[in-house]
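Source file: upload-v8.pdb; contents: PDB, C-alpha atoms.
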```pdb
ATOM      1  CA  MET R 148       0.000   0.000   0.000
ATOM      2  CA  THR R 149       1.104   3.545  -0.759
ATOM      3  CA  VAL R 150       1.197   5.665   2.392
ATOM      4  CA  LEU R 151      -0.551   9.045   1.989
ATOM      5  CA  SER R 152      -1.422  11.838   4.361
ATOM      6  CA  ALA R 153      -5.053  12.029   5.513
ATOM      7  CA  GLY R 154      -5.667  15.162   3.441
ATOM      8  CA  VAL R 155      -4.255  13.698   0.234
ATOM      9  CA  LEU R 156      -6.230  10.483   0.733
ATOM     10  CA  ARG R 157      -9.476  12.465   1.156
ATOM     11  CA  GLU R 158      -8.717  14.406  -2.016
ATOM     12  CA  ARG R 159      -8.058  11.163  -3.890
ATOM     13  CA  ALA R 160     -11.344   9.695  -2.649
ATOM     14  CA  ALA R 161     -13.238  12.843  -3.687
ATOM     15  CA  ALA R 162     -11.707  12.695  -7.167
ATOM     16  CA  LEU R 163     -12.700   9.052  -7.560
ATOM     17  CA  ARG R 164     -16.242   9.841  -6.464
ATOM     18  CA  ARG R 165     -16.511  12.737  -8.938
ATOM     19  CA  GLY R 166     -15.214  10.484 -11.699
ATOM     20  CA  GLY R 167     -17.804   7.811 -10.942
ATOM     21  CA  GLN R 168     -15.152   5.200 -10.097
ATOM     22  CA  PRO R 169     -16.017   2.524  -7.517
ATOM     23  CA  PHE R 170     -13.717   2.046  -4.540
ATOM     24  CA  VAL R 171     -13.696   0.914  -0.927
ATOM     25  CA  LEU R 172     -12.694   3.129   1.965
ATOM     26  CA  ALA R 173     -11.003   0.989   4.625
ATOM     27  CA  THR R 174     -10.654   2.470   8.120
ATOM     28  CA  VAL R 175      -8.943   0.933  11.131
ATOM     29  CA  VAL R 176     -11.441   1.346  13.983
ATOM     30  CA  ARG R 177      -9.689  -0.770  16.626
ATOM     31  CA  ALA R 178      -6.143  -1.998  17.094
ATOM     32  CA  LEU R 179      -4.607  -4.114  19.836
ATOM     33  CA  ARG R 180      -0.863  -4.163  20.216
ATOM     34  CA  PRO R 181       1.458  -5.102  18.737
ATOM     35  CA  ALA R 182      -0.444  -4.529  15.450
ATOM     36  CA  SER R 183       1.396  -2.105  13.168
ATOM     37  CA  ALA R 184      -1.668  -0.051  12.193
ATOM     38  CA  LYS R 185      -3.557   2.245  14.552
ATOM     39  CA  PRO R 186      -7.146   3.532  14.790
ATOM     40  CA  GLY R 187      -7.848   6.133  12.140
ATOM     41  CA  ASP R 188      -5.467   4.698   9.545
ATOM     42  CA  ARG R 189      -7.173   4.546   6.152
ATOM     43  CA  ALA R 190      -6.752   3.140   2.671
ATOM     44  CA  LEU R 191      -8.566   3.132  -0.672
ATOM     45  CA  LEU R 192      -8.934  -0.252  -2.346
ATOM     46  CA  PHE R 193     -10.132  -1.253  -5.800
ATOM     47  CA  ALA R 194     -11.602  -4.311  -7.509
ATOM     48  CA  ASP R 195      -9.215  -4.406 -10.480
ATOM     49  CA  HIS R 196      -6.048  -5.251  -8.527
ATOM     50  CA  ARG R 197      -4.703  -1.712  -8.725
ATOM     51  CA  GLN R 198      -2.322  -0.905  -5.919
ATOM     52  CA  ALA R 199      -4.177   0.319  -2.858
ATOM     53  CA  VAL R 200      -3.409   3.790  -1.565
ATOM     54  CA  GLY R 201      -3.169   4.533   2.136
ATOM     55  CA  TRP R 202      -2.290   2.247   5.017
ATOM     56  CA  VAL R 203      -4.252  -0.187   7.193
ATOM     57  CA  GLY R 204      -1.525  -2.748   7.873
ATOM     58  CA  GLY R 205       1.221  -4.825   6.272
ATOM     59  CA  GLY R 206       1.122  -7.433   3.551
ATOM     60  CA  CYS R 207      -0.444 -10.070   5.768
ATOM     61  CA  VAL R 208      -3.373  -7.705   6.398
ATOM     62  CA  HIS R 209      -3.599  -6.482   2.829
ATOM     63  CA  THR R 210      -4.391  -9.916   1.349
ATOM     64  CA  SER R 211      -7.524 -10.370   3.459
ATOM     65  CA  ILE R 212      -8.685  -6.772   3.133
ATOM     66  CA  GLU R 213      -8.348  -6.814  -0.667
ATOM     67  CA  ARG R 214     -10.530  -9.916  -0.865
ATOM     68  CA  GLU R 215     -13.250  -8.441   1.322
ATOM     69  CA  ALA R 216     -13.078  -5.119  -0.517
ATOM     70  CA  ALA R 217     -13.837  -6.909  -3.805
ATOM     71  CA  ARG R 218     -16.804  -8.612  -2.159
ATOM     72  CA  ALA R 219     -18.028  -5.295  -0.741
ATOM     73  CA  LEU R 220     -17.973  -3.763  -4.221
ATOM     74  CA  ALA R 221     -19.888  -6.760  -5.552
ATOM     75  CA  ASP R 222     -22.735  -6.715  -3.029
ATOM     76  CA  GLY R 223     -22.648  -3.026  -2.096
ATOM     77  CA  ALA R 224     -22.653  -3.833   1.627
ATOM     78  CA  PRO R 225     -20.158  -2.530   4.190
ATOM     79  CA  ARG R 226     -18.508  -4.976   6.560
ATOM     80  CA  LEU R 227     -16.350  -5.065   9.653
ATOM     81  CA  VAL R 228     -13.284  -7.265   9.212
ATOM     82  CA  ARG R 229     -11.320  -8.575  12.175
ATOM     83  CA  LEU R 230      -7.808  -9.950  11.911
ATOM     84  CA  SER R 231      -6.738 -11.699  15.084
ATOM     85  CA  PRO R 232      -4.484 -14.586  16.137
ATOM     86  CA  GLU R 233      -7.615 -16.090  17.691
ATOM     87  CA  ALA R 234     -10.003 -15.655  14.760
ATOM     88  CA  ARG R 235     -13.453 -17.027  15.510
ATOM     89  CA  ALA R 236     -16.932 -16.692  14.054
ATOM     90  CA  GLU R 237     -18.926 -13.783  15.458
ATOM     91  CA  ASP R 238     -22.151 -12.156  14.288
ATOM     92  CA  GLY R 239     -21.562  -9.018  12.248
ATOM     93  CA  ILE R 240     -17.810  -9.585  11.919
ATOM     94  CA  VAL R 241     -15.831 -11.179   9.105
ATOM     95  CA  SER R 242     -12.908 -12.927  10.802
ATOM     96  CA  TYR R 243      -9.489 -13.763   9.397
ATOM     97  CA  PRO R 244      -6.424 -15.121  11.172
ATOM     98  CA  MET R 245      -3.710 -12.549  11.840
ATOM     99  CA  THR R 246      -0.615 -13.968  10.174
ATOM    100  CA  CYS R 247       1.793 -11.069  10.724
ATOM    101  CA  HIS R 248       4.722 -11.904  12.974
ATOM    102  CA  SER R 249       3.968  -8.791  14.983
ATOM    103  CA  GLY R 250       0.595 -10.285  15.940
ATOM    104  CA  GLY R 251      -2.057  -8.101  17.498
ATOM    105  CA  THR R 252      -5.671  -7.582  16.467
ATOM    106  CA  LEU R 253      -7.152  -5.184  13.924
ATOM    107  CA  ASP R 254     -10.783  -4.272  13.281
ATOM    108  CA  ILE R 255     -11.123  -2.632   9.864
ATOM    109  CA  TYR R 256     -14.365  -1.142   8.562
ATOM    110  CA  LEU R 257     -14.851  -1.437   4.793
ATOM    111  CA  GLU R 258     -17.245   1.022   3.163
ATOM    112  CA  PRO R 259     -17.951   0.529  -0.556
ATOM    113  CA  VAL R 260     -18.416   3.747  -2.517
ATOM    114  CA  LEU R 261     -20.295   3.002  -5.736
ATOM    115  CA  PRO R 262     -21.126   5.391  -8.578
ATOM    116  CA  ALA R 263     -24.556   6.977  -8.465
ATOM    117  CA  PRO R 264     -27.127   5.367 -10.774
ATOM    118  CA  GLU R 265     -27.555   7.094 -14.120
ATOM    119  CA  LEU R 266     -30.911   8.199 -15.493
ATOM    120  CA  VAL R 267     -30.632   8.708 -19.234
ATOM    121  CA  VAL R 268     -33.508  10.888 -20.433
ATOM    122  CA  LEU R 269     -33.758  10.875 -24.224
ATOM    123  CA  GLY R 270     -35.948  13.405 -26.000
ATOM    124  CA  GLU R 271     -37.777  16.572 -25.079
ATOM    125  CA  SER R 272     -41.266  16.598 -23.584
ATOM    126  CA  PRO R 273     -43.070  17.469 -20.335
ATOM    127  CA  VAL R 274     -42.340  13.933 -19.115
ATOM    128  CA  ALA R 275     -38.627  14.309 -19.919
ATOM    129  CA  GLU R 276     -38.498  17.649 -18.106
ATOM    130  CA  ALA R 277     -40.198  16.173 -15.032
ATOM    131  CA  LEU R 278     -37.865  13.161 -15.035
ATOM    132  CA  THR R 279     -34.873  15.500 -14.957
ATOM    133  CA  LEU R 280     -36.309  17.509 -12.069
ATOM    134  CA  LEU R 281     -37.447  14.521  -9.979
ATOM    135  CA  GLY R 282     -34.518  12.207 -10.696
ATOM    136  CA  ALA R 283     -31.777  14.360  -9.195
ATOM    137  CA  PRO R 284     -33.187  14.450  -5.617
ATOM    138  CA  LEU R 285     -33.465  10.642  -5.781
ATOM    139  CA  GLY R 286     -29.709  10.383  -6.279
ATOM    140  CA  PHE R 287     -29.607   9.813 -10.034
ATOM    141  CA  ARG R 288     -27.024  11.416 -12.258
ATOM    142  CA  ILE R 289     -29.031  12.809 -15.146
ATOM    143  CA  ARG R 290     -27.754  12.136 -18.653
ATOM    144  CA  ALA R 291     -29.129  13.351 -21.982
ATOM    145  CA  SER R 292     -27.236  10.974 -24.256
ATOM    146  CA  LEU R 293     -26.249   7.324 -24.381
ATOM    147  CA  ASP R 294     -22.715   8.487 -25.130
ATOM    148  CA  ASP R 295     -22.440   9.795 -21.569
ATOM    149  CA  VAL R 296     -23.301   6.479 -19.899
ATOM    150  CA  ALA R 297     -20.360   5.319 -17.777
ATOM    151  CA  THR R 298     -21.754   2.629 -15.471
ATOM    152  CA  GLN R 299     -23.804  -0.545 -15.682
ATOM    153  CA  ASP R 300     -26.320   1.002 -13.276
ATOM    154  CA  ALA R 301     -27.961   2.979 -16.073
ATOM    155  CA  TRP R 302     -31.705   3.407 -16.689
ATOM    156  CA  VAL R 303     -32.844   4.743 -20.029
ATOM    157  CA  VAL R 304     -36.153   6.483 -20.717
ATOM    158  CA  ALA R 305     -37.143   7.525 -24.238
ATOM    159  CA  ALA R 306     -39.624  10.343 -23.722
ATOM    160  CA  ALA R 307     -39.710  12.288 -26.978
ATOM    161  CA  MET R 308     -42.861  13.667 -28.531
ATOM    162  CA  SER R 309     -42.768  11.473 -31.643
ATOM    163  CA  SER R 310     -41.939   7.959 -32.835
ATOM    164  CA  ALA R 311     -39.348   9.358 -35.234
ATOM    165  CA  GLU R 312     -37.267  10.442 -32.241
ATOM    166  CA  ASP R 313     -38.139   7.656 -29.781
ATOM    167  CA  HIS R 314     -37.658   4.586 -31.926
ATOM    168  CA  PRO R 315     -34.001   5.175 -32.969
ATOM    169  CA  ALA R 316     -33.116   5.999 -29.345
ATOM    170  CA  VAL R 317     -34.729   2.788 -28.082
ATOM    171  CA  ARG R 318     -32.986   0.714 -30.763
ATOM    172  CA  ALA R 319     -29.634   2.202 -29.782
ATOM    173  CA  ALA R 320     -30.208   1.563 -26.061
ATOM    174  CA  LEU R 321     -31.232  -2.044 -26.630
ATOM    175  CA  ALA R 322     -28.234  -2.596 -28.905
ATOM    176  CA  ARG R 323     -25.911  -1.302 -26.174
ATOM    177  CA  GLY R 324     -27.239  -3.892 -23.747
ATOM    178  CA  VAL R 325     -28.901  -1.488 -21.289
ATOM    179  CA  ALA R 326     -30.867  -3.627 -18.822
ATOM    180  CA  TYR R 327     -33.878  -1.277 -18.590
ATOM    181  CA  VAL R 328     -35.145   0.779 -21.500
ATOM    182  CA  ALA R 329     -38.505   2.499 -21.040
ATOM    183  CA  MET R 330     -40.535   4.189 -23.737
ATOM    184  CA  VAL R 331     -43.322   6.654 -23.075
ATOM    185  CA  ALA R 332     -45.914   5.467 -25.558
ATOM    186  CA  SER R 333     -49.440   4.136 -25.857
ATOM    187  CA  ARG R 334     -50.047   0.396 -25.880
ATOM    188  CA  ARG R 335     -51.040   0.480 -29.560
ATOM    189  CA  ARG R 336     -47.840   2.297 -30.566
ATOM    190  CA  THR R 337     -45.846  -0.068 -28.374
ATOM    191  CA  GLU R 338     -47.244  -3.200 -30.046
ATOM    192  CA  ALA R 339     -46.576  -1.806 -33.508
ATOM    193  CA  PHE R 340     -42.994  -0.957 -32.555
ATOM    194  CA  LEU R 341     -42.397  -4.395 -31.032
ATOM    195  CA  ASP R 342     -43.530  -5.976 -34.295
ATOM    196  CA  GLU R 343     -41.030  -3.788 -36.136
ATOM    197  CA  LEU R 344     -38.200  -4.860 -33.823
ATOM    198  CA  ARG R 345     -39.077  -8.546 -34.231
ATOM    199  CA  SER R 346     -39.061  -8.196 -38.000
ATOM    200  CA  GLU R 347     -35.613  -6.617 -37.736
ATOM    201  CA  GLY R 348     -34.301  -9.666 -35.862
ATOM    202  CA  PHE R 349     -34.386  -8.477 -32.250
ATOM    203  CA  SER R 350     -34.711 -11.523 -29.996
ATOM    204  CA  GLU R 351     -37.400 -11.917 -27.348
ATOM    205  CA  GLU R 352     -34.645 -11.853 -24.725
ATOM    206  CA  VAL R 353     -33.599  -8.390 -25.891
ATOM    207  CA  LEU R 354     -37.184  -7.182 -26.199
ATOM    208  CA  ALA R 355     -37.802  -8.234 -22.597
ATOM    209  CA  ARG R 356     -35.549  -5.340 -21.583
ATOM    210  CA  LEU R 357     -37.955  -2.858 -23.165
ATOM    211  CA  LYS R 358     -40.637  -1.524 -20.822
ATOM    212  CA  ALA R 359     -43.433   0.120 -22.722
ATOM    213  CA  PRO R 360     -45.630   1.760 -21.782
ATOM    214  CA  ALA R 361     -43.171   3.053 -19.214
ATOM    215  CA  GLY R 362     -43.802   3.196 -15.479
ATOM    216  CA  LEU R 363     -46.058   1.611 -12.891
ATOM    217  CA  ASP R 364     -49.798   1.723 -13.453
ATOM    218  CA  ILE R 365     -50.823   4.395 -10.961
ATOM    219  CA  GLY R 366     -53.372   6.090 -13.192
ATOM    220  CA  ALA R 367     -50.928   8.862 -14.107
ATOM    221  CA  ALA R 368     -52.264  11.496 -16.480
ATOM    222  CA  THR R 369     -49.968  14.540 -16.444
ATOM    223  CA  GLY R 370     -46.328  14.735 -17.427
ATOM    224  CA  PRO R 371     -45.054  14.934 -13.826
ATOM    225  CA  GLU R 372     -47.324  12.053 -12.774
ATOM    226  CA  ILE R 373     -46.041   9.865 -15.613
ATOM    227  CA  ALA R 374     -42.474  10.776 -14.645
ATOM    228  CA  LEU R 375     -43.254   9.817 -11.054
ATOM    229  CA  SER R 376     -44.593   6.422 -12.150
ATOM    230  CA  ILE R 377     -41.456   5.771 -14.216
ATOM    231  CA  LEU R 378     -39.109   6.692 -11.380
ATOM    232  CA  ALA R 379     -41.137   4.563  -8.962
ATOM    233  CA  GLU R 380     -40.700   1.597 -11.296
ATOM    234  CA  ILE R 381     -36.956   2.197 -11.613
ATOM    235  CA  VAL R 382     -36.531   2.451  -7.840
ATOM    236  CA  GLN R 383     -38.586  -0.717  -7.385
ATOM    237  CA  ARG R 384     -36.432  -2.650  -9.856
ATOM    238  CA  ARG R 385     -33.137  -1.314  -8.498
ATOM    239  CA  ARG R 386     -33.987  -2.198  -4.920
ATOM    240  CA  SER R 387     -35.338  -5.642  -5.732
ATOM    241  CA  ARG R 388     -32.430  -6.867  -7.824
ATOM    242  CA  PRO R 389     -29.338  -8.276  -6.083
ATOM    243  CA  LEU R 390     -26.413  -5.887  -6.125
ATOM    244  CA  ALA R 391     -24.189  -8.935  -6.586
ATOM    245  CA  GLU R 392     -24.985  -8.561 -10.296
ATOM    246  CA  VAL R 393     -22.108  -6.106 -10.276
ATOM    247  CA  PRO R 394     -19.285  -8.090 -11.904
ATOM    248  CA  LEU R 395     -16.887  -9.737  -9.475
ATOM    249  CA  ASN R 396     -13.829 -11.373 -10.899
ATOM    250  CA  VAL R 397     -13.810 -14.827  -9.359
ATOM    251  CA  SER R 398     -10.255 -16.106  -9.151
ATOM    252  CA  GLU R 399      -8.927 -19.527  -8.354
ATOM    253  CA  THR R 400      -7.684 -19.742  -4.786
ATOM    254  CA  ALA R 401      -5.583 -22.067  -2.683
ATOM    255  CA  ILE R 402      -5.358 -22.589   1.064
ATOM    256  CA  ASP R 403      -2.244 -21.440   2.879
ATOM    257  CA  PRO R 404      -1.058 -24.676   4.551
ATOM    258  CA  ILE R 405       0.253 -22.784   7.584
ATOM    259  CA  CYS R 406      -2.530 -20.356   8.550
ATOM    260  CA  GLY R 407      -5.465 -21.708   6.539
ATOM    261  CA  MET R 408      -6.123 -18.427   4.732
ATOM    262  CA  GLU R 409      -7.395 -18.311   1.142
ATOM    263  CA  VAL R 410      -4.751 -17.104  -1.320
ATOM    264  CA  GLU R 411      -5.498 -15.945  -4.852
ATOM    265  CA  ILE R 412      -3.311 -18.094  -7.083
ATOM    266  CA  ALA R 413      -2.981 -15.614  -9.957
ATOM    267  CA  THR R 414      -1.527 -12.874  -7.757
ATOM    268  CA  ALA R 415       0.228 -14.937  -5.075
ATOM    269  CA  ARG R 416       3.629 -13.458  -4.227
ATOM    270  CA  TRP R 417       4.896 -16.252  -1.999
ATOM    271  CA  THR R 418       5.008 -19.847  -3.197
ATOM    272  CA  ALA R 419       6.994 -23.005  -2.573
ATOM    273  CA  GLU R 420       7.379 -26.400  -4.252
ATOM    274  CA  ARG R 421       7.287 -29.745  -2.486
ATOM    275  CA  ASP R 422       7.015 -33.187  -4.079
ATOM    276  CA  GLY R 423       5.950 -31.666  -7.391
ATOM    277  CA  GLN R 424       3.139 -29.596  -5.831
ATOM    278  CA  THR R 425       2.979 -25.813  -5.578
ATOM    279  CA  TYR R 426       1.917 -24.255  -2.267
ATOM    280  CA  TYR R 427       0.707 -20.681  -1.916
ATOM    281  CA  PHE R 428       1.124 -18.398   1.084
ATOM    282  CA  CYS R 429      -0.502 -15.191   2.253
ATOM    283  CA  ALA R 430       2.704 -13.752   3.694
ATOM    284  CA  PRO R 431       6.441 -14.494   3.753
ATOM    285  CA  GLY R 432       6.252 -15.640   7.378
ATOM    286  CA  CYS R 433       3.972 -18.531   6.440
ATOM    287  CA  ARG R 434       6.318 -19.519   3.626
ATOM    288  CA  ARG R 435       9.323 -19.504   5.962
ATOM    289  CA  ALA R 436       7.443 -21.648   8.488
ATOM    290  CA  PHE R 437       6.507 -24.104   5.733
ATOM    291  CA  LEU R 438      10.072 -24.359   4.455
ATOM    292  CA  ALA R 439      11.430 -24.778   7.969
ATOM    293  CA  ALA R 440       8.997 -27.614   8.643
ATOM    294  CA  SER R 441      10.003 -29.360   5.438
ATOM    295  CA  GLU R 442      13.715 -29.352   6.200
ATOM    296  CA  PRO R 443      15.044 -32.702   7.419
ATOM    297  CA  SER R 444      15.799 -32.877  11.118
ATOM    298  CA  PRO R 445      19.491 -33.053  12.031
ATOM    299  CA  PRO R 446      20.660 -36.547  12.937
ATOM    300  CA  ALA R 447      20.496 -37.352  16.623
ATOM    301  CA  LEU R 448      23.862 -37.437  18.411
ATOM    302  CA  SER R 449      24.730 -40.818  19.797
ATOM    303  CA  GLN R 450      25.617 -40.910  23.461
ATOM    304  CA  ARG R 451      28.568 -42.829  24.721
TER     305      ARG R 451
END
```

Any chance you could put this one into structure tokens?
Amino acid sequence: MTVLSAGVLRERAAALRRGGQPFVLATVVRALRPASAKPGDRALLFADHRQAVGWVGGGCVHTSIEREAARALADGAPRLVRLSPEARAEDGIVSYPMTCHSGGTLDIYLEPVLPAPELVVLGESPVAEALTLLGAPLGFRIRASLDDVATQDAWVVAAAMSSAEDHPAVRAALARGVAYVAMVASRRRTEAFLDELRSEGFSEEVLARLKAPAGLDIGAATGPEIALSILAEIVQRRRSRPLAEVPLNVSETAIDPICGMEVEIATARWTAERDGQTYYFCAPGCRRAFLAASEPSPPALSQR
């Protein structure tokens, strides 16, 4: 981990947030000697194996924290991670064995920071205007073009005044693989458009991502009411789907034969060979202990 001052780390986190980049803020909330980190130490961690910035402990700590940070980004849930020589299951705590030679216990709080969902409003109409006004207070970043979409948590609404504007926008959104594409249209216009898409070769699986008419059936009549029904539907779908749909690179792991910790094989820094088999270790101390145990014992001295 790269050690940074608290001010620089906060600035880095703010820049990542502005850029819509996901990261995890790790904070040491409890430390028992002789752990090297102390309460208040912080680090930023990422899911793509970039080097973490900040400090929450040495290499033996980093391996476990990186793994839990990736899981936090996948499910969107914070977690409290405890590293202790006497790791044991406890409600609300993810426990790992402390493998550093210095020992001690660390409690580290991991807070995932995910990009805000994007509401892509295509077209101009009273509904589009209301979507823009109502979407921002709900935490959506408002976009006016598919070219601006930067995350997978994007929700597209085609709300133009005519089919000539709506239909190309919907085709483009479906072609880009957007999971939810809504079109403000009557049921008759919707059926006619679906027939067009089928004749053009769009599969039923792709068409299932098109929601038209858009929104929940709340009897909406005005532009703002229709916008409200659309946003209610988007919120309902976002909250009901598992956040674990966010991609998580699943890597092959091995068990450290000394401490029992999972080690990612692709990025393992410490390995050893014995009898034609490769062993993987979370820290150099475990590797040294393994090699020492594999050395033949010196011959016993005979007594005369």

Within 7 Å of stretch 187-201 of chain R, counting only C-alpha atoms, which residues show up once you throw out same-chain ones fewer than 4 positions away? Write them as a VMD selection string, please.
chain R and resid 148 to 151 156 170 to 176 213 216 to 217

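Closest to R:Gly286 among R:Leu269, R:Ile365, R:Ala401, R:Ala263 is R:Ala263, based on all atoms listed in the file.
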
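Here atom CA of R:Glu215 is placed at a distance of 20.9 Å from atom CA of R:Gly167.
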
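Residues in contact with R:Glu271 at 8 Å, where only C-alpha atoms are counted and same-chain residues fewer than 4 positions away are skipped, are listed as Ala275, Glu276, Ala306, Ala307 and Met308 of chain R.
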
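Residue membership of the PyMOL selection byres ((chain R and resi 422-438) around 8) in the shown file amounts to Gly206, Cys207, Thr210, Thr246, Cys247, His248, Ala401, Ile402, Asp403, Pro404, Ile405, Cys406, Met408, Glu409, Val410, Ile412, Ala415, Arg416, Trp417, Thr418, Ala419, Glu420, Arg421, Ala439, Ala440, Ser441 and Glu442 of chain R.
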
Could you write out the selected residues, including C-alpha atoms, as a compact mmCIF listing (two decimals), in the coordinates of the input?
```
# COMPACT_ATOMS: atom_id res chain seq x y z
CA GLY R 206 1.12 -7.43 3.55
CA CYS R 207 -0.44 -10.07 5.77
CA THR R 210 -4.39 -9.92 1.35
CA THR R 246 -0.62 -13.97 10.17
CA CYS R 247 1.79 -11.07 10.72
CA HIS R 248 4.72 -11.90 12.97
CA ALA R 401 -5.58 -22.07 -2.68
CA ILE R 402 -5.36 -22.59 1.06
CA ASP R 403 -2.24 -21.44 2.88
CA PRO R 404 -1.06 -24.68 4.55
CA ILE R 405 0.25 -22.78 7.58
CA CYS R 406 -2.53 -20.36 8.55
CA MET R 408 -6.12 -18.43 4.73
CA GLU R 409 -7.40 -18.31 1.14
CA VAL R 410 -4.75 -17.10 -1.32
CA ILE R 412 -3.31 -18.09 -7.08
CA ALA R 415 0.23 -14.94 -5.08
CA ARG R 416 3.63 -13.46 -4.23
CA TRP R 417 4.90 -16.25 -2.00
CA THR R 418 5.01 -19.85 -3.20
CA ALA R 419 6.99 -23.00 -2.57
CA GLU R 420 7.38 -26.40 -4.25
CA ARG R 421 7.29 -29.74 -2.49
CA ALA R 439 11.43 -24.78 7.97
CA ALA R 440 9.00 -27.61 8.64
CA SER R 441 10.00 -29.36 5.44
CA GLU R 442 13.72 -29.35 6.20
```

For the structure shown, which residues end up in the PyMOL selection byres ((chain R and resi 304) around 9)? Put them as a PyMOL selection string, please?
chain R and resi 266-270+275+278+302-303+305-306+317+327-331+361+377

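For the choices R:Ala162, R:Leu179, R:Ala277, R:Val260, the atom-to-atom distance to R:Leu230 is smallest for R:Leu179 when using all atoms listed in the file.
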
Here's the selection I'm unsure about, the PyMOL selection byres ((chain R and resi 287) around 7); applied to the file above, which residues does it give, as a ChimeraX atom specification?
/R:263-266,282-283,285-286,288-289

Taking all atoms listed in the file into account, which of R:Asp300, R:Ala291, R:Glu399, R:Ile212 comes nearest R:Glu258?
R:Ile212

Select, from R:Asp342, R:Val382, R:Arg335, R:Ser242, the residue with the minimum atom-to-atom distance to R:Arg226, counting all atoms listed in the file.
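The answer is R:Ser242, which sits nearest to R:Arg226.
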
How big is the axis-aligned box around the listed atoms of stretch 335-350 of chain R once 5 Å is added on each side, and where is its centre? Give both in Å to one decimal, as JSON.
```
{"center_x": -42.7, "center_y": -4.6, "center_z": -33.2, "size_x": 26.7, "size_y": 23.8, "size_z": 19.6}
```

Record the distance separating atom CA of R:Val203 and atom CA of R:Ile255, expressed in Å with one decimal.
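So the two atoms, atom CA of R:Val203 and atom CA of R:Ile255, lie 7.8 Å apart.
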
Would you compute the distance between atom CA of R:Pro232 and atom CA of R:Arg177? Give it in Å to one decimal.
14.8 Å

Go through R:Arg164, R:Arg356, R:Arg180, R:Arg159 and flag the residue nearest R:Ala320, using all atoms listed in the file for the distances.
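Smallest separation from R:Ala320 among the options: R:Arg356.
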
I need the residue nearest R:Ser333 from this list: R:Gly251, R:Gly205, R:Gly223, R:Gly362. Use all atoms listed in the file for the distance.
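Of the candidates, the smallest distance to R:Ser333 is held by R:Gly362.
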